[in-house]
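**Student:** Structure file upload19.txt (compact mmCIF, C-alpha atoms) right here:
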# COMPACT_ATOMS: atom_id res chain seq x y z
CA MET A 1 55.02 -15.25 -14.63
CA SER A 2 55.00 -16.86 -11.23
CA THR A 3 55.60 -20.57 -11.33
CA ALA A 4 54.55 -21.07 -7.72
CA THR A 5 51.38 -23.14 -7.59
CA ASN A 6 48.46 -21.13 -6.41
CA THR A 7 47.31 -23.06 -3.36
CA THR A 8 44.48 -20.69 -2.48
CA GLU A 9 43.02 -21.07 -5.93
CA LEU A 10 39.67 -22.37 -4.75
CA LYS A 11 39.10 -19.24 -2.70
CA ASP A 12 40.60 -16.73 -5.11
CA TRP A 13 40.55 -16.04 -8.77
CA PRO A 14 43.49 -17.99 -10.26
CA LEU A 15 46.44 -16.35 -11.97
CA TRP A 16 46.64 -16.19 -15.79
CA GLU A 17 49.56 -15.29 -18.06
CA ILE A 18 48.66 -12.91 -20.85
CA PHE A 19 50.09 -12.95 -24.38
CA VAL A 20 49.23 -10.25 -26.90
CA ARG A 21 49.74 -10.21 -30.68
CA SER A 22 50.52 -6.58 -31.46
CA LYS A 23 49.61 -6.88 -35.11
CA GLN A 24 48.67 -9.43 -37.71
CA GLY A 25 51.78 -11.26 -38.87
CA LEU A 26 53.64 -10.99 -35.55
CA GLU A 27 53.81 -13.56 -32.75
CA HIS A 28 51.95 -13.34 -29.45
CA LYS A 29 54.24 -11.90 -26.80
CA HIS A 30 54.05 -12.27 -23.03
CA CYS A 31 53.04 -9.00 -21.41
CA GLY A 32 52.12 -9.82 -17.81
CA SER A 33 49.61 -11.65 -15.67
CA LEU A 34 46.30 -11.08 -13.93
CA HIS A 35 43.70 -12.80 -11.77
CA ALA A 36 40.39 -13.93 -13.25
CA SER A 37 37.70 -16.48 -12.42
CA ASP A 38 37.86 -18.34 -15.75
CA ALA A 39 39.32 -18.15 -19.25
CA GLN A 40 36.58 -15.95 -20.72
CA HIS A 41 36.85 -13.60 -17.78
CA ALA A 42 40.66 -13.54 -18.15
CA LEU A 43 40.27 -12.50 -21.80
CA GLN A 44 37.93 -9.66 -20.84
CA MET A 45 40.27 -8.49 -18.07
CA ALA A 46 43.32 -8.74 -20.34
CA ARG A 47 41.57 -6.55 -22.87
CA ASP A 48 41.04 -3.86 -20.19
CA VAL A 49 44.41 -4.17 -18.48
CA TYR A 50 46.80 -4.67 -21.39
CA THR A 51 45.20 -3.27 -24.55
CA ARG A 52 43.69 0.10 -23.69
CA ARG A 53 45.54 1.76 -26.60
CA GLN A 54 45.25 -0.70 -29.45
CA GLU A 55 48.34 -2.59 -28.29
CA GLY A 56 46.96 -5.79 -29.77
CA VAL A 57 44.75 -7.55 -32.28
CA SER A 58 44.61 -10.89 -30.47
CA ILE A 59 45.02 -12.16 -26.90
CA TRP A 60 46.00 -15.57 -25.45
CA VAL A 61 45.35 -16.36 -21.81
CA VAL A 62 47.04 -19.35 -20.17
CA PRO A 63 46.64 -20.55 -16.57
CA SER A 64 49.95 -19.75 -14.88
CA ARG A 65 50.15 -23.19 -13.33
CA ALA A 66 49.99 -24.77 -16.82
CA ILE A 67 53.38 -23.32 -17.70
CA THR A 68 56.47 -25.45 -17.21
CA ALA A 69 59.66 -23.42 -17.21
CA SER A 70 63.27 -24.50 -17.48
CA ALA A 71 65.24 -23.94 -14.29
CA PRO A 72 67.93 -21.24 -14.16
CA GLU A 73 70.43 -23.84 -12.84
CA ASP A 74 69.93 -25.86 -16.04
CA LYS A 75 71.01 -22.94 -18.18
CA GLU A 76 74.49 -24.29 -18.85
CA ALA A 77 73.37 -27.83 -19.58
CA LEU A 78 70.70 -26.62 -21.97
CA PHE A 79 72.33 -23.75 -23.77
CA GLU A 80 76.10 -23.81 -23.30
CA PRO A 81 76.82 -26.77 -25.66
CA ALA A 82 75.72 -24.55 -28.57
CA ALA A 83 78.53 -22.09 -27.85
CA ASP A 84 81.29 -24.26 -29.37
CA LYS A 85 79.29 -25.25 -32.47
CA ILE A 86 80.24 -22.18 -34.44
CA TYR A 87 79.94 -24.21 -37.67
CA ARG A 88 76.17 -23.88 -37.25
CA HIS A 89 76.44 -20.23 -38.29
CA PRO A 90 76.80 -19.09 -41.90
CA THR A 91 79.70 -16.78 -41.01
CA PHE A 92 81.83 -19.86 -40.23
CA TYR A 93 82.33 -20.46 -43.96
CA ASP A 94 84.65 -18.43 -46.19
CA ILE A 95 83.26 -18.04 -49.68
CA PRO A 96 85.21 -16.35 -52.52
CA GLU A 97 84.12 -12.77 -53.01
CA GLU A 98 83.28 -13.23 -56.69
CA VAL A 99 80.48 -15.60 -55.68
CA GLY A 100 78.63 -12.57 -54.30
CA HIS A 101 75.77 -12.86 -51.88
CA MET A 102 75.04 -16.38 -50.67
CA MET B 1 52.72 6.83 -10.83
CA TYR B 2 53.82 7.93 -7.47
CA THR B 3 56.92 6.69 -5.81
CA GLN B 4 57.79 8.83 -2.80
CA SER B 5 57.48 6.42 0.03
CA PHE B 6 59.79 3.75 -1.26
CA THR B 7 62.39 4.43 1.35
CA VAL B 8 59.68 4.37 3.96
CA GLN B 9 59.29 1.28 6.13
CA ASP B 10 55.88 -0.33 6.35
CA ALA B 11 54.41 -0.91 9.78
CA PRO B 12 55.68 -4.10 11.43
CA GLY B 13 53.77 -7.32 10.88
CA GLN B 14 53.53 -7.14 7.11
CA GLY B 15 53.53 -10.62 5.65
CA GLY B 16 56.84 -11.31 3.98
CA ALA B 17 57.56 -13.47 0.96
CA LYS B 18 57.08 -17.19 1.27
CA PRO B 19 60.25 -18.67 2.69
CA ALA B 20 62.29 -20.79 0.29
CA SER B 21 61.23 -24.40 0.67
CA THR B 22 64.76 -25.71 0.89
CA GLN B 23 67.54 -23.96 2.73
CA PRO B 24 70.57 -24.06 0.45
CA VAL B 25 73.76 -24.94 2.26
CA ALA B 26 76.04 -22.00 3.00
CA LEU B 27 78.54 -22.90 0.30
CA GLU B 28 75.93 -23.00 -2.48
CA ASN B 29 74.57 -19.74 -1.12
CA ALA B 30 77.96 -18.07 -1.40
CA GLU B 31 78.29 -19.31 -4.99
CA ALA B 32 74.81 -18.04 -5.84
CA GLN B 33 75.55 -14.71 -4.20
CA LYS B 34 78.69 -14.41 -6.31
CA ARG B 35 76.71 -15.06 -9.50
CA PHE B 36 74.04 -12.57 -8.39
CA ASP B 37 76.66 -9.88 -7.70
CA ALA B 38 78.32 -10.53 -11.06
CA THR B 39 74.96 -10.09 -12.84
CA ILE B 40 74.32 -6.82 -11.00
CA ASP B 41 77.87 -5.57 -11.68
CA ALA B 42 77.44 -6.31 -15.39
CA ASP B 43 74.15 -4.33 -15.33
CA GLY B 44 72.28 -7.56 -16.12
CA ARG B 45 68.73 -8.42 -15.11
CA ILE B 46 67.42 -10.72 -12.40
CA GLU B 47 64.36 -12.81 -13.34
CA PRO B 48 61.79 -14.42 -11.02
CA GLN B 49 63.31 -17.89 -10.90
CA ASP B 50 66.88 -16.68 -10.38
CA TRP B 51 68.48 -16.92 -6.96
CA MET B 52 68.42 -13.61 -5.14
CA PRO B 53 69.35 -12.49 -1.62
CA GLU B 54 66.35 -12.48 0.73
CA ALA B 55 66.91 -8.78 1.49
CA TYR B 56 66.78 -7.96 -2.24
CA ARG B 57 63.51 -9.88 -2.54
CA LYS B 58 62.01 -8.19 0.52
CA THR B 59 63.08 -4.73 -0.60
CA LEU B 60 61.51 -5.26 -4.00
CA ILE B 61 58.28 -6.66 -2.57
CA ARG B 62 57.99 -3.63 -0.31
CA GLN B 63 58.81 -1.16 -3.07
CA ILE B 64 56.68 -2.70 -5.83
CA SER B 65 53.67 -3.29 -3.58
CA GLN B 66 53.88 0.27 -2.19
CA HIS B 67 54.07 1.46 -5.76
CA ALA B 68 51.00 -0.62 -6.68
CA HIS B 69 49.10 0.66 -3.64
CA SER B 70 49.95 4.23 -4.65
CA GLU B 71 48.53 3.72 -8.14
CA THR B 72 45.37 2.20 -6.70
CA VAL B 73 44.79 4.85 -4.02
CA GLY B 74 45.79 7.44 -6.64
CA MET B 75 42.47 6.80 -8.40
CA LEU B 76 40.55 8.29 -5.48
CA PRO B 77 41.29 12.06 -5.47
CA GLU B 78 40.71 12.35 -9.22
CA GLY B 79 37.91 9.80 -9.30
CA ASN B 80 35.96 12.21 -7.09
CA TRP B 81 35.94 14.69 -9.97
CA ILE B 82 34.64 12.43 -12.74
CA SER B 83 31.00 13.32 -12.07
CA ARG B 84 31.86 17.04 -11.86
CA ALA B 85 34.16 17.39 -14.89
CA PRO B 86 33.32 20.65 -16.70
CA SER B 87 32.69 19.06 -20.13
CA LEU B 88 32.13 15.70 -21.77
CA LYS B 89 35.64 15.91 -23.27
CA ARG B 90 37.28 16.48 -19.87
CA LYS B 91 35.16 13.72 -18.36
CA ALA B 92 36.25 11.20 -21.00
CA ILE B 93 39.90 12.19 -20.49
CA LEU B 94 39.62 11.88 -16.71
CA ILE B 95 37.93 8.49 -16.89
CA ALA B 96 40.72 7.25 -19.18
CA LYS B 97 43.37 8.58 -16.79
CA VAL B 98 41.80 7.05 -13.70
CA GLN B 99 41.44 3.73 -15.54
CA ASP B 100 45.14 3.92 -16.40
CA GLU B 101 46.00 4.35 -12.72
CA GLY B 102 44.03 1.22 -11.91
CA GLY B 103 45.84 -0.57 -14.74
CA HIS B 104 49.22 0.58 -13.43
CA GLY B 105 48.34 -0.86 -10.05
CA LEU B 106 47.52 -4.18 -11.70
CA TYR B 107 50.79 -4.32 -13.71
CA LEU B 108 52.69 -3.68 -10.49
CA TYR B 109 50.78 -6.17 -8.32
CA SER B 110 51.47 -8.83 -10.92
CA ALA B 111 55.19 -7.90 -10.93
CA ALA B 112 55.28 -8.18 -7.12
CA GLU B 113 53.58 -11.58 -7.30
CA THR B 114 56.51 -12.95 -9.30
CA LEU B 115 58.53 -12.54 -6.09
CA GLY B 116 56.24 -14.95 -4.24
CA GLN B 117 53.99 -12.41 -2.55
CA GLY B 118 50.27 -13.24 -2.85
CA ARG B 119 47.80 -10.66 -4.15
CA ASP B 120 45.50 -11.21 -1.16
CA GLN B 121 48.35 -10.56 1.24
CA MET B 122 49.24 -7.30 -0.47
CA LEU B 123 45.63 -6.07 -0.52
CA ASP B 124 45.28 -7.07 3.11
CA ASP B 125 48.41 -5.09 4.00
CA LEU B 126 46.94 -2.03 2.29
CA HIS B 127 43.47 -2.36 3.75
CA THR B 128 44.65 -2.91 7.32
CA GLY B 129 46.94 0.11 7.09
CA ARG B 130 50.18 -1.87 7.50
CA ALA B 131 51.47 -0.95 4.04
CA LYS B 132 52.33 2.59 2.97
CA TYR B 133 51.38 4.36 -0.22
CA SER B 134 52.40 7.72 -1.61
CA SER B 135 51.52 10.51 0.81
CA ILE B 136 50.50 12.88 -1.95
CA PHE B 137 47.08 11.21 -2.03
CA ASN B 138 46.43 12.06 1.58
CA TYR B 139 45.72 15.63 0.52
CA PRO B 140 42.32 16.62 -0.87
CA ALA B 141 41.60 17.64 -4.49
CA LEU B 142 39.50 20.69 -3.67
CA THR B 143 38.83 22.29 -7.06
CA TRP B 144 38.86 21.36 -10.75
CA ALA B 145 42.26 23.08 -11.02
CA ASP B 146 43.61 20.44 -8.64
CA VAL B 147 42.86 17.80 -11.27
CA GLY B 148 45.03 19.70 -13.76
CA VAL B 149 47.79 20.26 -11.21
CA ILE B 150 47.79 16.59 -10.21
CA GLY B 151 48.39 15.70 -13.86
CA TRP B 152 51.05 18.35 -14.43
CA LEU B 153 53.00 18.25 -11.17
CA VAL B 154 52.17 15.00 -9.38
CA ASP B 155 52.41 12.88 -12.53
CA GLY B 156 55.36 14.99 -13.65
CA ALA B 157 57.21 14.16 -10.44
CA ALA B 158 56.20 10.54 -10.82
CA ILE B 159 57.62 10.40 -14.35
CA MET B 160 60.99 11.71 -13.09
CA ASN B 161 60.96 8.95 -10.50
CA GLN B 162 59.79 6.21 -12.81
CA ILE B 163 61.98 6.66 -15.86
CA PRO B 164 65.10 5.39 -14.05
CA LEU B 165 63.01 2.45 -12.76
CA CYS B 166 62.67 1.24 -16.37
CA ARG B 167 66.31 0.17 -15.94
CA CYS B 168 65.73 -1.54 -12.58
CA SER B 169 67.72 -4.75 -12.13
CA TYR B 170 64.56 -6.79 -11.53
CA GLY B 171 63.14 -7.71 -14.95
CA PRO B 172 59.38 -7.85 -14.26
CA TYR B 173 59.46 -4.48 -12.42
CA ALA B 174 61.47 -2.81 -15.19
CA ARG B 175 59.08 -4.15 -17.86
CA ALA B 176 56.03 -2.96 -15.92
CA MET B 177 57.61 0.48 -15.60
CA ILE B 178 58.22 0.77 -19.34
CA ARG B 179 54.51 0.19 -19.88
CA VAL B 180 53.60 2.68 -17.15
CA CYS B 181 55.94 5.41 -18.42
CA LYS B 182 54.45 5.24 -21.93
CA GLU B 183 51.04 6.03 -20.49
CA GLU B 184 52.22 8.56 -17.92
CA SER B 185 53.13 11.09 -20.57
CA PHE B 186 49.45 11.38 -21.52
CA HIS B 187 48.65 12.04 -17.86
CA GLN B 188 51.05 14.93 -17.55
CA ARG B 189 50.17 16.54 -20.87
CA GLN B 190 46.40 16.40 -20.33
CA GLY B 191 46.87 18.06 -16.92
CA TYR B 192 49.08 20.82 -18.27
CA GLU B 193 46.77 21.48 -21.20
CA CYS B 194 43.75 21.63 -18.89
CA LEU B 195 45.58 24.33 -16.89
CA LEU B 196 46.57 26.23 -20.05
CA VAL B 197 42.89 26.49 -20.94
CA MET B 198 41.96 27.69 -17.46
CA MET B 199 44.72 30.31 -17.58
CA GLN B 200 43.04 31.81 -20.64
CA GLY B 201 39.82 32.14 -18.66
CA THR B 202 38.46 34.53 -16.04
CA ALA B 203 40.46 36.06 -13.18
CA GLU B 204 38.69 33.63 -10.88
CA GLN B 205 39.81 30.63 -12.94
CA LYS B 206 43.39 31.87 -13.00
CA ALA B 207 43.32 32.34 -9.25
CA MET B 208 42.02 28.80 -8.90
CA VAL B 209 45.01 27.43 -10.83
CA GLN B 210 47.47 29.49 -8.76
CA ASP B 211 45.83 28.30 -5.55
CA ALA B 212 46.13 24.66 -6.62
CA VAL B 213 49.80 25.15 -7.52
CA ASN B 214 50.40 26.77 -4.12
CA ARG B 215 48.91 23.83 -2.30
CA PHE B 216 50.63 21.06 -4.33
CA TRP B 217 54.13 22.40 -5.10
CA TRP B 218 55.87 21.54 -1.83
CA LYS B 219 54.04 18.23 -1.52
CA CYS B 220 55.35 17.28 -4.97
CA LEU B 221 58.92 18.11 -3.98
CA ALA B 222 58.53 15.85 -0.95
CA MET B 223 57.38 12.99 -3.23
CA PHE B 224 61.02 12.35 -4.13
CA GLY B 225 61.64 11.22 -0.57
CA PRO B 226 63.94 12.38 2.22
CA PRO B 227 67.23 14.16 1.40
CA ASP B 228 70.12 11.88 0.49
CA THR B 229 71.78 12.57 3.83
CA ASP B 230 68.67 11.20 5.56
CA SER B 231 67.95 8.22 3.31
CA PRO B 232 69.60 5.18 4.90
CA HIS B 233 68.33 2.54 2.42
CA SER B 234 69.35 4.40 -0.71
CA ALA B 235 72.95 3.15 -0.86
CA GLN B 236 71.87 -0.50 -0.77
CA ALA B 237 69.12 0.07 -3.34
CA MET B 238 71.70 1.76 -5.59
CA ARG B 239 74.11 -1.15 -5.15
CA TRP B 240 71.35 -3.55 -6.22
CA GLY B 241 70.43 -1.55 -9.29
CA ILE B 242 66.92 -0.95 -7.93
CA LYS B 243 67.51 2.76 -7.54
CA ARG B 244 69.54 4.56 -10.20
CA ILE B 245 69.38 8.26 -9.29
CA SER B 246 69.35 9.74 -5.76
CA ASN B 247 66.30 11.48 -4.25
CA ASP B 248 67.95 14.91 -4.28
CA ASP B 249 69.18 14.59 -7.87
CA LEU B 250 65.71 13.58 -9.07
CA ARG B 251 64.15 16.46 -7.13
CA GLN B 252 66.58 18.90 -8.75
CA LYS B 253 65.83 17.51 -12.20
CA PHE B 254 62.11 17.95 -11.58
CA ILE B 255 62.50 21.56 -10.41
CA ASP B 256 64.74 22.46 -13.35
CA ALA B 257 62.23 21.00 -15.79
CA THR B 258 59.17 22.54 -14.12
CA VAL B 259 60.20 26.20 -13.72
CA PRO B 260 60.08 26.97 -17.47
CA GLN B 261 56.71 25.15 -17.72
CA ALA B 262 55.35 27.34 -14.91
CA ASN B 263 56.53 30.45 -16.77
CA VAL B 264 54.73 29.42 -19.95
CA LEU B 265 51.62 28.69 -17.95
CA GLY B 266 51.84 32.03 -16.16
CA VAL B 267 51.80 30.78 -12.57
CA THR B 268 54.22 31.49 -9.72
CA LEU B 269 55.81 28.59 -7.88
CA PRO B 270 55.35 29.37 -4.17
CA ASP B 271 59.00 29.52 -3.12
CA PRO B 272 60.72 32.89 -2.56
CA ASP B 273 64.12 31.14 -2.57
CA LEU B 274 63.58 29.63 -6.03
CA LYS B 275 66.17 31.19 -8.36
CA TRP B 276 68.63 30.20 -11.07
CA ASN B 277 72.14 29.50 -9.86
CA ALA B 278 74.48 30.13 -12.80
CA GLU B 279 77.39 28.53 -11.01
CA ARG B 280 75.55 25.25 -10.32
CA GLN B 281 73.55 25.48 -13.55
CA HIS B 282 70.49 24.53 -11.50
CA TYR B 283 67.67 26.27 -9.66
CA ASP B 284 68.20 26.81 -5.93
CA TYR B 285 65.14 26.19 -3.79
CA GLY B 286 63.91 26.62 -0.23
CA GLN B 287 63.46 24.27 2.72
CA ILE B 288 60.96 21.41 2.47
CA ASP B 289 58.84 20.91 5.59
CA TRP B 290 59.87 17.34 6.43
CA ASP B 291 57.97 17.30 9.72
CA GLU B 292 54.76 17.81 7.78
CA PHE B 293 55.81 15.06 5.34
CA TRP B 294 56.51 12.50 8.06
CA ASN B 295 53.36 13.47 9.90
CA THR B 296 51.35 12.55 6.79
CA VAL B 297 53.36 9.39 6.09
CA ASN B 298 52.63 8.32 9.65
CA GLY B 299 48.89 8.58 9.14
CA HIS B 300 48.03 12.09 10.29
CA GLY B 301 47.51 13.87 6.95
CA PRO B 302 44.16 15.47 6.12
CA CYS B 303 42.78 12.49 4.14
CA ASN B 304 44.62 9.36 5.36
CA LYS B 305 41.56 7.90 7.09
CA GLU B 306 39.13 8.85 4.34
CA ARG B 307 41.27 7.36 1.55
CA LEU B 308 41.76 4.08 3.31
CA ALA B 309 38.10 3.85 4.29
CA THR B 310 37.02 4.50 0.68
CA ARG B 311 39.43 1.84 -0.58
CA VAL B 312 38.26 -0.75 1.97
CA LYS B 313 34.61 -0.01 1.22
CA ALA B 314 35.20 -0.42 -2.53
CA HIS B 315 36.89 -3.75 -1.89
CA GLU B 316 34.14 -4.99 0.42
CA ASP B 317 31.36 -3.77 -1.86
CA GLY B 318 32.99 -5.74 -4.68
CA GLN B 319 33.04 -8.99 -2.72
CA TRP B 320 29.74 -10.22 -4.18
CA VAL B 321 31.07 -9.68 -7.71
CA ARG B 322 34.18 -11.75 -6.99
CA ASP B 323 32.05 -14.45 -5.38
CA ALA B 324 29.56 -14.49 -8.24
CA ALA B 325 32.31 -14.75 -10.86
CA LEU B 326 33.85 -17.68 -9.02
CA ALA B 327 30.49 -19.41 -8.58
CA TYR B 328 29.83 -18.99 -12.31
CA ALA B 329 33.26 -20.38 -13.17
CA ARG B 330 32.75 -23.40 -10.90
CA LYS B 331 29.32 -24.08 -12.35
CA HIS B 332 30.63 -24.04 -15.90
CA GLN B 333 33.93 -25.81 -15.28
CA PRO B 334 32.60 -29.39 -15.56
CA ALA B 335 30.89 -28.57 -18.86
CA GLN B 336 34.11 -27.18 -20.27
CA GLN B 337 36.02 -30.28 -19.23
CA LYS B 338 33.40 -32.49 -20.86
CA GLU B 339 33.72 -30.53 -24.07
CA ALA B 340 37.49 -30.93 -23.99
CA ALA B 341 37.25 -34.70 -23.44
Go ahead and express the file in the form of structure tokens.

**Tutor:**
Amino acid sequence: MSTATNTTELKDWPLWEIFVRSKQGLEHKHCGSLHASDAQHALQMARDVYTRRQEGVSIWVVPSRAITASAPEDKEALFEPAADKIYRHPTFYDIPEEVGHM
Amino acid sequence: MYTQSFTVQDAPGQGGAKPASTQPVALENAEAQKRFDATIDADGRIEPQDWMPEAYRKTLIRQISQHAHSETVGMLPEGNWISRAPSLKRKAILIAKVQDEGGHGLYLYSAAETLGQGRDQMLDDLHTGRAKYSSIFNYPALTWADVGVIGWLVDGAAIMNQIPLCRCSYGPYARAMIRVCKEESFHQRQGYECLLVMMQGTAEQKAMVQDAVNRFWWKCLAMFGPPDTDSPHSAQAMRWGIKRISNDDLRQKFIDATVPQANVLGVTLPDPDLKWNAERQHYDYGQIDWDEFWNTVNGHGPCNKERLATRVKAHEDGQWVRDAALAYARKHQPAQQKEAA
């Protein structure tokens, strides 16, 4: 979750972001982070910390520093232009009722 | 679990969050503050990368780390009973509960880290005694009935406190609390059920339950924190959407919910002033001993020293494991990179 680079990483276990697939057919979803010495260790820890009650069938672990996130101040530039493109939505188009479901 | 001391200041000298690397000019700051206020007013959520006032960040770091410390220290009184649980079933339940408390601490530490506070710093604050944790753990768990009462009353009080935190304005904290609350219900129910069984037992067992209730009841009421009239930080925390319901209102809710449970169980809550007030539609209750509460918060409770010493010893005894894991990771890192290449 943190995007700050972990400068004390050599001394400490680095931070990992944890993603859990709750059941087959669904996507992996971010559920938190934890410290672990390496990827295998992070998987083992994630199993104990985030899936004690069958919350998942699969886990991804990703080093936190490997994540690049968009900046909050870029929100408008990235997402606002979509707001006036209402023709991208099916409800923009009027279809005669006798056509039925389309 | 346990959230009493959130309005309690830590000792001075606690490491704060990393300062922002660039000081935004005053004008930008005012704009950002306006956007922040608008988000709060609209009951929106603040996420880690969003601008936030330094005081909001500091308040959250203090609250979330105290909360994490409480979960972690909360393993100790019950952990003492794992080897003495009366049956294999109760032992398995208790191990699962104590593991949950450790897990709750980890969810919360990771939420606090999103605010820029390092894990090492937080642990250091706990181990050196600068940071506070919930005072309820500075009382001993003397009998097996205490384990049941901790689940029923201490976790029950914690649930009251934590449910409103699921709507906290800070996203990572709110999400961690949703996870915690789901598991907390198991904690309360296993405690209550353990007591139900004891209350069907011998006179001695029943007396043991009553004794545990007598010792924990007032401490649990104090867990909700000082009265509203004596809680200077509450208004600001309410304004920020960190706190949703006042200490006194939560305390009242807890009492109203607990009295019928005590009746079913067949125990007496140790308060002669406890009676239904038809006009208020709530139970009236007696005076909480706040001097005793503050005395314990300030380090002079029966187990403050022992709890901290146990925690520090566990951390130090685990040092070789952390070192070994790192050494193993370093040794195998080059091989992994070669494989990837």

**Student:** Check which residues of chain B sit at most 9 Å from chain A using only C-alpha atoms, and return one row each with the closest pair of atoms and their distance in Å to one decimal, ordered by chain and rising number, as CSV.

**Tutor:**
residue,atom,partner,partner_atom,distance
B:Pro48,CA,A:Ser2,CA,7.2
B:Gln49,CA,A:Pro72,CA,6.6
B:Asp50,CA,A:Pro72,CA,6.0
B:Trp51,CA,A:Pro72,CA,8.4
B:Ala96,CA,A:Arg52,CA,9.0
B:Gln99,CA,A:Asp48,CA,8.9
B:Asp100,CA,A:Arg52,CA,8.4
B:Gly102,CA,A:Val49,CA,8.5
B:Gly103,CA,A:Val49,CA,5.4
B:His104,CA,A:Val49,CA,8.4
B:Leu106,CA,A:Leu34,CA,7.4
B:Tyr107,CA,A:Gly32,CA,7.0
B:Tyr109,CA,A:Leu34,CA,8.7
B:Ser110,CA,A:Ser33,CA,5.8
B:Ala111,CA,A:Gly32,CA,7.8
B:Glu113,CA,A:Ser2,CA,6.7
B:Thr114,CA,A:Ser2,CA,4.6
B:Leu115,CA,A:Ser2,CA,7.6
B:Gly116,CA,A:Ala4,CA,7.2
B:Gly118,CA,A:Asn6,CA,8.8
B:Arg119,CA,A:His35,CA,8.9
B:Asp120,CA,A:Asp12,CA,8.4
B:Pro172,CA,A:Gly32,CA,8.3
B:Arg175,CA,A:Cys31,CA,8.5
B:Ala176,CA,A:Gly32,CA,8.1
B:Arg322,CA,A:Trp13,CA,7.9
B:Asp323,CA,A:Asp12,CA,8.9
B:Ala325,CA,A:Ser37,CA,5.9
B:Leu326,CA,A:Ser37,CA,5.3
B:Ala327,CA,A:Ser37,CA,8.7
B:Tyr328,CA,A:Ser37,CA,8.3
B:Ala329,CA,A:Asp38,CA,5.7
B:Arg330,CA,A:Ser37,CA,8.6
B:Gln333,CA,A:Asp38,CA,8.5

**Student:** Quick check, in Å to one decimal: how far apart do CA of Gln252 in chain B and CA of Ser231 in chain B lie?

**Tutor:**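 It comes out at 16.2 Å.
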
**Student:** Please measure the separation of CA of Leu221 in chain B and CA of Ile255 in chain B, giving the value in Å to one decimal.

**Tutor:**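 Result for CA of Leu221 in chain B versus CA of Ile255 in chain B: 8.1 Å, one decimal.
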